[in-house]
Amino acid sequence: MGALAAVFPTLLDFPVLDRDDFNSDQAFLNARALHLATFVPDACDPMPAPQTALEEGGNLPSGATTFPQDPGQWPCLNYTQGCSTTTKNKITINPRTSPTVVAAGGSQETVGLRWCDCKDTPSFGGSVTSRAKCRNDFSSLCEFDEDWYGNNSASNKWLKLRTKHASSGWTTPDFGKEWLVNAGGAAFPTYWDFTALGAFYMETSTNYAGVKGMLWTHVASLSNASVPIASADLKRFANSLSSGSASASFGPQGQQWAAINDWYDCPMCVSGVAQVVYEAGNPWWKTATPSGPSLVEVADSATRAHFDAVGAGTRRHVPGSEPVSWLSTALTADQSVVRSVGLASNGTVLSKLVSTGFDKLPVAEALSAPGGPTLVRDEGPAFSVSEQRLYVLGGFAAGNVQKNDGWMLDLANNQWRQCLLPAGETVGTVLAMAYRRQDRSIYFVDKTGSTLRLRRWNAQRKLTSGVIVTLATFPSSWNAFGKYAVVPGTGSDLALVAWAGTGSEKTRFGRFTLSTAHRITMAGLSKLTTSIVGPPTLTADRFAYSSDPVRPTASQLLVSSMPAASSNDAPTIIAH
Amino acid sequence: MRAILLACALLAGCSDTVAPNGTTSSGGGGGIATSGPTSASVSTGTGSGGEAEWTTVPWWPGPCGFEYAKKPEFGFPALKWVDCFAKEPGCQRLDKNWPHDSPSGLASPAVQRESVGAYEIAIAASFPDFEKRTVFFDAEGAPRAVYRSLPNAECLGVQPGLADDGHWTGQQELENPSKFVFQPDGLPASSATVIETDSLSSYQRSRKQLFAIKRTGGSAIEIYDRVSGQLFVSPATLVGAQIPHLVDDAAFFLGLAAFNEPEAWVWSRARGAFEKLIDNPPNHVIDINSDGETLVWLEAPPKQSRGDWPAGTLFTSPYTTLAANVVATPRRAMAKIPAGAPSAMGSGHYAVYSADTNLMYIVRTSDAYQWTLPVPVDEWDAPLNDVTYIDDEYLFYKTGSNVYRQRLDALGPGEPPP
């Protein structure tokens, strides 16, 4: 409206531009550019034109035709939260009002949607310019004509939408739905079954299906007859165009960048370390520094092959559990240790990453250790640098049968040992697991029913009765996360960190302390509305973590700044 | 047209002023369809020159390059008709034998009958990498003129048009004045008539002596008349208008003085002005067309503001461009048809598409017999976009995926008016 009022204060109709009215080609072009920018339905106008946004977060009817799915094309690794379908078909309609409507005491308005196909418009995106091209390109011809909203798609260009019914859902979807809402009222969502448009409009490939087009949002009527807006003007001006590109795609959940939870020396980092992160399909691995991602040079071919396999989703990288800040002081300059191991998805040991001292990058070597467990699902692996031992606990075998066993692989002799749990002792779905050097124990979080439990296995005593101790159970507020990590500290600290939150809280840091008798106490809890890339690490006084999955950046959380947990979030400490 | 081509071919100087219609090419301009290349040998976006000898048109200054082929037979494969996907009787569609990466990407074609069973056709098609080509086929299916916009996401293209002595084409971008031209047969590109309008337009329609556009961002219709060389603009009192149907000396279209109240309007060379032609309250005219011999229009009762148009009636009148001379004769009841539905008229036949029934209705004006034709099912279930052309032999139409033609004698005996 600003441009309309400022440039054409008396004009109520589209200005007609004639080259003869301008002194030069450039003056004409300038006026035409202004015309295009101003007198289009995208522009704000004095009418209560709603604004509409098409976003992720919807769903489609079961059985909707989408796309051939091939998880093998993506690195659906556990630490990237696996793969899932992301559906972008949630249309949020934001009803608007105007001074005219307000002066008349407000009004309800009837809002409707139409869609036009722009898939053949070159480089079609969500911009105003793209939409202008779509309206004029001969292969799209999404001409905008006010009269076509109520004219049954005279040229089959502006189509009605099939949307989810407010109460019956997809059982009886709406077609060409109109909403009666308060002008200026709260924004509301609707969910669009764009697959109902049919094969002609869909672009489909492996792991992707979508449509490209424009949404036209229109106020069809105002209920308050005293609003001094003629119906013809409402028809002409109470319109807005917005992006109408909807899709469903199958790929790694959550974020582009994921962490493998290996940490390297980072002089510029407050914590002194930076986390290694990778991106699906990106051959360059990086560390998350305070200024953003920094390239990790991996020249060794075997190491390159190890990381490539991890990135491709065919190898699982199990890093050492010990805090990197402890490793940096504990390892002597010429000490050769295995820092992490690589497993095939079925648990076959494939590789080990060996470093000489802390500062040198670990180099991959082949590792074979037959006779170990077969991983199926929900096992918890942990590797100890100080013990040079790999632990595997719990999980399920084929047929959904709980394994109820633990395994240890000693790298010194490549020998596996299996420890069966005693009768009555079970381990649920293992969500996170780590080795704690101070008490030579495995700490893990498992889930039984809907309850999360922090538990300890004194792995040096095998699995005799009572060797697995439940330390705490967690209230349901801890369930709203996709990923968990148990993070041992350098001293008496131990943390449970949850991330990939499904609500507004994306990340939760829970800090515990352990007494000399190894009894646990809750010591603080912090919540973040931002996402982290992978498991953090604990230094003496802070968490170091990588934030912003789009551009991983080193961040920190001082433990001294962590408040006490509220009653809704505090775990119940079990006597132990 | 053939006489002009022959005359040009006999003139010694012609080869020095190669025309966009390729009159000096040795292997194809008027040759047989099989003389053209296969799709594999049609280059895509490889720059100027090449086998087709791509040459920049002199009238388009925009950064979105626009070229014509001096050897059009190398600019586009020869036209080939194939049976429709479901092999409906009398139904054929284009063999999309040119490089393409989308099921759609075609503009509405232009069709003109050369002789019984022989048609000149023009199509504009999207090639991969944002390249567009416009090709004018002769009646034997050989490309006789080919244009291309270089691979560029800014090129919007123009729907082609045919005339007895040349063709209509042009180019548009968002950021530059549009150019629409008439290219006479047998003359160099520099001789093209550039129409005196800069308007950006989403729809263009051209035929013989007339060229019409509908401006983007408004309701104005512009008509250029080659006979007078003048450009005419519809009155600003109209809040809406449809792209006109063109006959030799007039353009018929729906104009809306108010929303949901369409009327029949006409621009005629004789009057040199836009005028209301038919308005019969409380009914509204929801389509108007003509073949130069008869006027055909559909009248329907008023509609609810957001409902469908009620079923209406087909009327005819002897041809006229004057409101006072219209003799309205109701001929038969019709299905529910939206205002401004795709339609065509020629040689005493009228065809219109109903989105309500997804059928095309073909009416012979002499006896008001009617035939119905479903939109053919194809691999994509593509919707109908345009009813392009009809005469007493064929109906040409376009869906989202292809250009079709239907023999009328394959449609059965038809239905007499009720």
# chains A, B, ... in the order shown; residues from 1 in each chain; ligands from 1
>>> residues_around(residues="Thr348 in chain A", least_positions_apart="5", cutoff="10 Å", atoms="only C-alpha atoms", output="PyMOL selection string")
chain A and resi 315-316+342-343+367-375
>>> interface_residues(of="chain A", to="chain B", cutoff="6 Å", atoms="only C-alpha atoms", output="ChimeraX atom specification")
/A:120,122,136-139,150,154,199-200
>>> write_last_selection(atoms="N, CA and C atoms", output="PDB file, in the first residue's frame")
ATOM      1  N   ASP A 120       7.036 -25.401 -15.251  1.00  0.00           N
ATOM      2  CA  ASP A 120       7.757 -25.178 -16.498  1.00  0.00           C
ATOM      3  C   ASP A 120       8.323 -23.778 -16.624  1.00  0.00           C
ATOM      4  N   PRO A 122      11.141 -21.376 -16.113  1.00  0.00           N
ATOM      5  CA  PRO A 122      12.562 -21.580 -15.832  1.00  0.00           C
ATOM      6  C   PRO A 122      12.972 -21.009 -14.482  1.00  0.00           C
ATOM      7  N   ASN A 136       3.648 -15.024 -17.131  1.00  0.00           N
ATOM      8  CA  ASN A 136       3.824 -14.580 -18.506  1.00  0.00           C
ATOM      9  C   ASN A 136       4.531 -15.579 -19.403  1.00  0.00           C
ATOM     10  N   ASP A 137       5.221 -16.534 -18.841  1.00  0.00           N
ATOM     11  CA  ASP A 137       5.929 -17.507 -19.661  1.00  0.00           C
ATOM     12  C   ASP A 137       4.917 -18.396 -20.388  1.00  0.00           C
ATOM     13  N   PHE A 138       5.149 -18.607 -21.691  1.00  0.00           N
ATOM     14  CA  PHE A 138       4.111 -19.305 -22.465  1.00  0.00           C
ATOM     15  C   PHE A 138       3.891 -20.732 -22.019  1.00  0.00           C
ATOM     16  N   SER A 139       4.902 -21.313 -21.388  1.00  0.00           N
ATOM     17  CA  SER A 139       4.730 -22.704 -20.992  1.00  0.00           C
ATOM     18  C   SER A 139       4.021 -22.831 -19.646  1.00  0.00           C
ATOM     19  N   GLY A 150     -13.781 -17.410  -8.837  1.00  0.00           N
ATOM     20  CA  GLY A 150     -15.100 -18.034  -8.754  1.00  0.00           C
ATOM     21  C   GLY A 150     -15.598 -18.539 -10.085  1.00  0.00           C
ATOM     22  N   ALA A 154     -11.530 -21.337 -15.503  1.00  0.00           N
ATOM     23  CA  ALA A 154     -11.932 -21.188 -16.898  1.00  0.00           C
ATOM     24  C   ALA A 154     -10.912 -21.767 -17.856  1.00  0.00           C
ATOM     25  N   ALA A 199      -0.582 -36.800 -11.645  1.00  0.00           N
ATOM     26  CA  ALA A 199       0.776 -37.019 -12.152  1.00  0.00           C
ATOM     27  C   ALA A 199       1.265 -35.883 -13.032  1.00  0.00           C
ATOM     28  N   PHE A 200       0.357 -35.232 -13.737  1.00  0.00           N
ATOM     29  CA  PHE A 200       0.796 -34.187 -14.657  1.00  0.00           C
ATOM     30  C   PHE A 200       1.492 -33.042 -13.924  1.00  0.00           C
TER      31      PHE A 200
END
>>> residues_around(residues="range 288-291 of chain B", least_positions_apart="6", cutoff="6 Å", atoms="only C-alpha atoms", output="compact mmCIF listing (two decimals) with C-alpha atoms, in the first residue's frame")
# COMPACT_ATOMS: atom_id res chain seq x y z
CA TRP B 297 -22.26 -17.34 -28.71
CA MET B 345 -14.77 -21.88 -34.75
CA GLY B 346 -14.22 -22.53 -38.43
>>> atom_distance(atom1="CA of Tyr147 in chain B", atom2="CA of Asp185 in chain B")
14.3 Å
>>> residues_around(residues="range 494-507 of chain A", least_positions_apart="4", cutoff="7 Å", atoms="only C-alpha atoms", output="list in words")
Ala480, Phe481, Gly482, Lys483, Tyr484, Ala485, Val486, Val487, Pro488, Gly489, Arg511, Phe512, Thr513, Lys527, Leu528, Thr529, Thr530, Ser531 and Ile532 of chain A
>>> write_last_selection(atoms="N, CA and C atoms", output="compact mmCIF listing (two decimals), in the first residue's frame")
# COMPACT_ATOMS: atom_id res chain seq x y z
N ALA A 480 10.59 -35.76 24.78
CA ALA A 480 10.30 -35.04 23.54
C ALA A 480 11.58 -34.70 22.77
N PHE A 481 12.48 -35.65 22.69
CA PHE A 481 13.74 -35.42 21.96
C PHE A 481 14.03 -36.63 21.10
N GLY A 482 14.76 -36.36 20.03
CA GLY A 482 15.07 -37.45 19.11
C GLY A 482 16.37 -38.15 19.41
N LYS A 483 17.28 -37.47 20.10
CA LYS A 483 18.59 -38.05 20.34
C LYS A 483 19.06 -37.75 21.76
N TYR A 484 19.88 -38.65 22.27
CA TYR A 484 20.41 -38.53 23.64
C TYR A 484 21.88 -38.90 23.62
N ALA A 485 22.61 -38.32 24.58
CA ALA A 485 24.00 -38.68 24.75
C ALA A 485 24.34 -38.65 26.24
N VAL A 486 25.08 -39.65 26.67
CA VAL A 486 25.65 -39.64 28.01
C VAL A 486 27.07 -39.11 27.86
N VAL A 487 27.38 -38.05 28.62
CA VAL A 487 28.65 -37.34 28.43
C VAL A 487 29.42 -37.34 29.75
N PRO A 488 30.47 -38.16 29.86
CA PRO A 488 31.29 -38.13 31.08
C PRO A 488 32.14 -36.87 31.13
N GLY A 489 32.36 -36.35 32.33
CA GLY A 489 33.21 -35.18 32.50
C GLY A 489 34.61 -35.59 32.91
N ARG A 511 22.97 -31.90 34.04
CA ARG A 511 24.29 -32.18 34.62
C ARG A 511 24.12 -32.86 35.96
N PHE A 512 24.88 -33.93 36.17
CA PHE A 512 24.90 -34.65 37.43
C PHE A 512 26.32 -34.60 38.00
N THR A 513 26.37 -34.79 39.29
CA THR A 513 27.69 -35.01 39.90
C THR A 513 27.66 -36.34 40.62
N LYS A 527 18.08 -25.37 29.17
CA LYS A 527 17.31 -25.66 27.98
C LYS A 527 17.69 -24.67 26.88
N LEU A 528 17.77 -25.16 25.66
CA LEU A 528 18.04 -24.30 24.51
C LEU A 528 16.90 -24.42 23.51
N THR A 529 16.60 -23.31 22.89
CA THR A 529 15.63 -23.37 21.79
C THR A 529 16.33 -23.52 20.45
N THR A 530 17.65 -23.64 20.50
CA THR A 530 18.42 -23.85 19.28
C THR A 530 18.90 -25.29 19.21
N SER A 531 19.19 -25.72 18.00
CA SER A 531 19.60 -27.11 17.80
C SER A 531 21.11 -27.23 17.90
N ILE A 532 21.55 -28.39 18.34
CA ILE A 532 22.97 -28.69 18.30
C ILE A 532 23.18 -29.76 17.25
>>> select_by_dssp(residues="range 164-300 of chain B", states="strand (DSSP E)", output="ChimeraX atom specification")
/B:166-171,179-184,193-194,201-207,210-215,221-225,230-233,240-241,245-246,250-256,262-268,273-278,284-290,294-300
>>> write_last_selection(atoms="C-alpha atoms", output="mmCIF file, in the first residue's frame")
data_model
loop_
_atom_site.group_PDB
_atom_site.id
_atom_site.type_symbol
_atom_site.label_atom_id
_atom_site.label_comp_id
_atom_site.auth_asym_id
_atom_site.auth_seq_id
_atom_site.Cartn_x
_atom_site.Cartn_y
_atom_site.Cartn_z
ATOM 1 C CA GLY B 166 4.135 -14.737 -43.205
ATOM 2 C CA HIS B 167 4.043 -15.417 -39.517
ATOM 3 C CA TRP B 168 3.826 -13.703 -36.150
ATOM 4 C CA THR B 169 6.402 -14.092 -33.424
ATOM 5 C CA GLY B 170 8.190 -12.057 -30.774
ATOM 6 C CA GLN B 171 10.032 -12.132 -27.503
ATOM 7 C CA LYS B 179 8.614 -7.033 -29.034
ATOM 8 C CA PHE B 180 6.025 -8.594 -31.311
ATOM 9 C CA VAL B 181 6.644 -8.815 -35.024
ATOM 10 C CA PHE B 182 5.132 -9.913 -38.291
ATOM 11 C CA GLN B 183 7.721 -11.601 -40.464
ATOM 12 C CA PRO B 184 6.737 -11.638 -44.145
ATOM 13 C CA THR B 193 7.154 -5.348 -38.953
ATOM 14 C CA VAL B 194 7.631 -4.495 -35.293
ATOM 15 C CA SER B 201 1.383 -9.845 -22.014
ATOM 16 C CA SER B 202 0.494 -13.287 -20.874
ATOM 17 C CA TYR B 203 -1.695 -14.136 -23.853
ATOM 18 C CA GLN B 204 -1.141 -13.431 -27.500
ATOM 19 C CA ARG B 205 -3.278 -14.543 -30.418
ATOM 20 C CA SER B 206 -2.596 -13.711 -34.058
ATOM 21 C CA ARG B 207 -4.136 -14.712 -37.333
ATOM 22 C CA LEU B 210 -4.599 -9.258 -36.871
ATOM 23 C CA PHE B 211 -2.522 -9.592 -33.748
ATOM 24 C CA ALA B 212 -3.991 -9.355 -30.234
ATOM 25 C CA ILE B 213 -2.568 -9.421 -26.742
ATOM 26 C CA LYS B 214 -3.982 -9.258 -23.286
ATOM 27 C CA ARG B 215 -1.845 -7.068 -21.091
ATOM 28 C CA ILE B 221 -6.763 -5.802 -24.876
ATOM 29 C CA GLU B 222 -4.512 -4.496 -27.636
ATOM 30 C CA ILE B 223 -5.167 -5.264 -31.285
ATOM 31 C CA TYR B 224 -2.769 -4.518 -34.109
ATOM 32 C CA ASP B 225 -4.151 -4.420 -37.629
ATOM 33 C CA GLN B 230 -2.568 0.835 -36.269
ATOM 34 C CA LEU B 231 -2.734 -0.378 -32.699
ATOM 35 C CA PHE B 232 -6.056 -0.271 -30.856
ATOM 36 C CA VAL B 233 -6.529 -0.509 -27.088
ATOM 37 C CA GLY B 240 -11.971 -7.714 -17.391
ATOM 38 C CA ALA B 241 -11.504 -9.108 -20.875
ATOM 39 C CA HIS B 245 -10.930 -14.759 -31.240
ATOM 40 C CA LEU B 246 -9.797 -13.372 -34.570
ATOM 41 C CA ALA B 250 -12.674 -8.401 -36.614
ATOM 42 C CA ALA B 251 -11.854 -9.636 -33.136
ATOM 43 C CA PHE B 252 -14.526 -11.025 -30.815
ATOM 44 C CA PHE B 253 -14.052 -11.295 -27.087
ATOM 45 C CA LEU B 254 -15.737 -11.312 -23.712
ATOM 46 C CA GLY B 255 -15.603 -7.994 -21.941
ATOM 47 C CA LEU B 256 -16.658 -7.412 -18.369
ATOM 48 C CA PRO B 262 -19.555 -10.763 -19.236
ATOM 49 C CA GLU B 263 -20.768 -9.321 -22.525
ATOM 50 C CA ALA B 264 -19.778 -9.947 -26.112
ATOM 51 C CA TRP B 265 -17.483 -7.272 -27.506
ATOM 52 C CA VAL B 266 -16.003 -6.743 -30.923
ATOM 53 C CA TRP B 267 -13.237 -4.800 -32.538
ATOM 54 C CA SER B 268 -13.826 -4.355 -36.264
ATOM 55 C CA ALA B 273 -13.045 0.726 -32.517
ATOM 56 C CA PHE B 274 -14.076 -1.557 -29.695
ATOM 57 C CA GLU B 275 -17.820 -1.896 -29.208
ATOM 58 C CA LYS B 276 -20.257 -3.950 -27.248
ATOM 59 C CA LEU B 277 -21.851 -6.500 -29.580
ATOM 60 C CA ILE B 278 -24.254 -8.648 -27.573
ATOM 61 C CA HIS B 284 -24.794 -13.045 -19.920
ATOM 62 C CA VAL B 285 -22.681 -14.001 -22.872
ATOM 63 C CA ILE B 286 -20.097 -16.512 -21.709
ATOM 64 C CA ASP B 287 -18.414 -17.210 -25.055
ATOM 65 C CA ILE B 288 -18.360 -15.553 -28.469
ATOM 66 C CA ASN B 289 -16.726 -16.818 -31.626
ATOM 67 C CA SER B 290 -17.053 -16.678 -35.372
ATOM 68 C CA THR B 294 -21.690 -17.019 -38.642
ATOM 69 C CA LEU B 295 -21.577 -15.610 -35.145
ATOM 70 C CA VAL B 296 -21.829 -18.164 -32.353
ATOM 71 C CA TRP B 297 -22.259 -17.335 -28.709
ATOM 72 C CA LEU B 298 -23.336 -18.940 -25.463
ATOM 73 C CA GLU B 299 -25.805 -17.255 -23.173
ATOM 74 C CA ALA B 300 -26.303 -18.282 -19.559
#
>>> closest_residue(among="A:Ser130, A:Ser547, A:Gln275, A:Asn479", to="Val445 in chain A", atoms="only C-alpha atoms")
A:Asn479
>>> residues_around(residues="Cys134 in chain A", least_positions_apart="4", cutoff="6 Å", atoms="only C-alpha atoms", output="VMD selection string")
chain A and resid 118 121 140 142
>>> residues_around(residues="Met522 in chain A", least_positions_apart="5", cutoff="12 Å", atoms="only C-alpha atoms", output="list in words")
Leu454, Leu471, Ala472, Thr473, Phe474, Ser492, Asp493, Leu494, Ala495, Leu496, Phe509, Gly510, Arg511, Phe512, Thr513, Leu514, Ser515, Met562, Pro563, Ala564, Ala565, Ser566, Ser567, Asp569, Ala570, Pro571, Thr572, Ile573 and Ile574 of chain A
>>> write_last_selection(atoms="N, CA and C atoms", output="compact mmCIF listing (two decimals), in the first residue's frame")
# COMPACT_ATOMS: atom_id res chain seq x y z
N LEU A 454 18.38 -43.66 33.61
CA LEU A 454 19.84 -43.57 33.60
C LEU A 454 20.36 -44.73 34.43
N LEU A 471 19.95 -45.62 38.24
CA LEU A 471 20.32 -44.46 39.04
C LEU A 471 19.20 -43.44 39.12
N ALA A 472 18.47 -43.29 38.02
CA ALA A 472 17.43 -42.25 37.99
C ALA A 472 16.43 -42.59 36.91
N THR A 473 15.22 -42.16 37.12
CA THR A 473 14.21 -42.19 36.05
C THR A 473 13.80 -40.76 35.75
N PHE A 474 13.31 -40.54 34.55
CA PHE A 474 13.11 -39.17 34.08
C PHE A 474 11.63 -38.91 33.79
N SER A 492 34.08 -35.04 38.54
CA SER A 492 32.94 -35.76 39.10
C SER A 492 31.68 -35.59 38.26
N ASP A 493 31.83 -34.92 37.12
CA ASP A 493 30.64 -34.62 36.32
C ASP A 493 30.21 -35.78 35.44
N LEU A 494 28.92 -35.81 35.20
CA LEU A 494 28.34 -36.68 34.18
C LEU A 494 27.11 -35.95 33.66
N ALA A 495 26.91 -36.00 32.38
CA ALA A 495 25.77 -35.26 31.82
C ALA A 495 24.91 -36.18 30.96
N LEU A 496 23.64 -35.86 30.97
CA LEU A 496 22.74 -36.44 29.98
C LEU A 496 22.25 -35.28 29.11
N PHE A 509 20.41 -29.77 28.44
CA PHE A 509 21.61 -30.24 29.11
C PHE A 509 21.24 -30.57 30.56
N GLY A 510 21.41 -31.79 30.97
CA GLY A 510 21.23 -32.17 32.37
C GLY A 510 22.57 -32.58 32.96
N ARG A 511 22.97 -31.90 34.04
CA ARG A 511 24.29 -32.18 34.62
C ARG A 511 24.12 -32.86 35.96
N PHE A 512 24.88 -33.93 36.17
CA PHE A 512 24.90 -34.65 37.43
C PHE A 512 26.32 -34.60 38.00
N THR A 513 26.37 -34.79 39.29
CA THR A 513 27.69 -35.01 39.90
C THR A 513 27.66 -36.34 40.62
N LEU A 514 28.82 -36.93 40.69
CA LEU A 514 28.94 -38.22 41.38
C LEU A 514 29.86 -38.05 42.57
N SER A 515 29.45 -38.63 43.67
CA SER A 515 30.27 -38.55 44.89
C SER A 515 31.42 -39.54 44.77
N MET A 562 24.20 -22.95 34.95
CA MET A 562 23.04 -23.83 34.80
C MET A 562 22.16 -23.77 36.06
N PRO A 563 20.90 -23.44 35.88
CA PRO A 563 20.01 -23.41 37.03
C PRO A 563 19.62 -24.81 37.49
N ALA A 564 18.98 -24.85 38.64
CA ALA A 564 18.47 -26.14 39.12
C ALA A 564 17.30 -26.57 38.26
N ALA A 565 17.11 -27.87 38.21
CA ALA A 565 16.00 -28.39 37.41
C ALA A 565 14.67 -28.10 38.09
N SER A 566 13.67 -27.74 37.28
CA SER A 566 12.33 -27.57 37.84
C SER A 566 11.75 -28.94 38.20
N SER A 567 10.68 -28.91 38.96
CA SER A 567 10.08 -30.18 39.39
C SER A 567 9.57 -31.00 38.21
N ASP A 569 11.03 -31.27 35.40
CA ASP A 569 12.14 -31.80 34.63
C ASP A 569 13.10 -32.64 35.46
N ALA A 570 13.02 -32.49 36.77
CA ALA A 570 13.99 -33.16 37.63
C ALA A 570 13.76 -34.67 37.63
N PRO A 571 14.82 -35.45 37.48
CA PRO A 571 14.66 -36.90 37.53
C PRO A 571 14.45 -37.37 38.98
N THR A 572 13.91 -38.55 39.05
CA THR A 572 13.79 -39.18 40.36
C THR A 572 15.03 -40.03 40.58
N ILE A 573 15.77 -39.68 41.61
CA ILE A 573 17.00 -40.42 41.90
C ILE A 573 16.62 -41.70 42.66
N ILE A 574 17.05 -42.79 42.15
CA ILE A 574 16.75 -44.08 42.76
C ILE A 574 17.88 -44.42 43.74
>>> residues_around(residues="Val352 in chain B", least_positions_apart="3", cutoff="7 Å", atoms="only C-alpha atoms", output="PyMOL selection string")
chain B and resi 341-344+360-362+387
>>> write_last_selection(atoms="N, CA and C atoms", output="short mmCIF file (atom, residue, chain, number, x, y, z; two decimals), in the first residue's frame")
data_model
loop_
_atom_site.label_atom_id
_atom_site.label_comp_id
_atom_site.auth_asym_id
_atom_site.auth_seq_id
_atom_site.Cartn_x
_atom_site.Cartn_y
_atom_site.Cartn_z
N ALA B 341 -14.42 -20.10 -21.62
CA ALA B 341 -13.87 -21.43 -21.83
C ALA B 341 -13.14 -21.49 -23.16
N PRO B 342 -12.16 -22.37 -23.29
CA PRO B 342 -11.46 -22.51 -24.57
C PRO B 342 -12.44 -22.90 -25.67
N SER B 343 -12.38 -22.19 -26.80
CA SER B 343 -13.27 -22.52 -27.90
C SER B 343 -12.61 -22.14 -29.22
N ALA B 344 -13.17 -22.67 -30.30
CA ALA B 344 -12.68 -22.36 -31.64
C ALA B 344 -13.86 -22.45 -32.60
N MET B 360 -15.26 -31.89 -24.68
CA MET B 360 -15.37 -30.86 -25.71
C MET B 360 -16.68 -31.09 -26.45
N TYR B 361 -17.38 -30.01 -26.74
CA TYR B 361 -18.65 -30.07 -27.46
C TYR B 361 -18.43 -29.45 -28.83
N ILE B 362 -18.80 -30.18 -29.85
CA ILE B 362 -18.63 -29.71 -31.22
C ILE B 362 -20.02 -29.57 -31.83
N VAL B 387 -8.57 -25.02 -26.96
CA VAL B 387 -9.22 -25.52 -28.18
C VAL B 387 -8.75 -24.57 -29.28
#
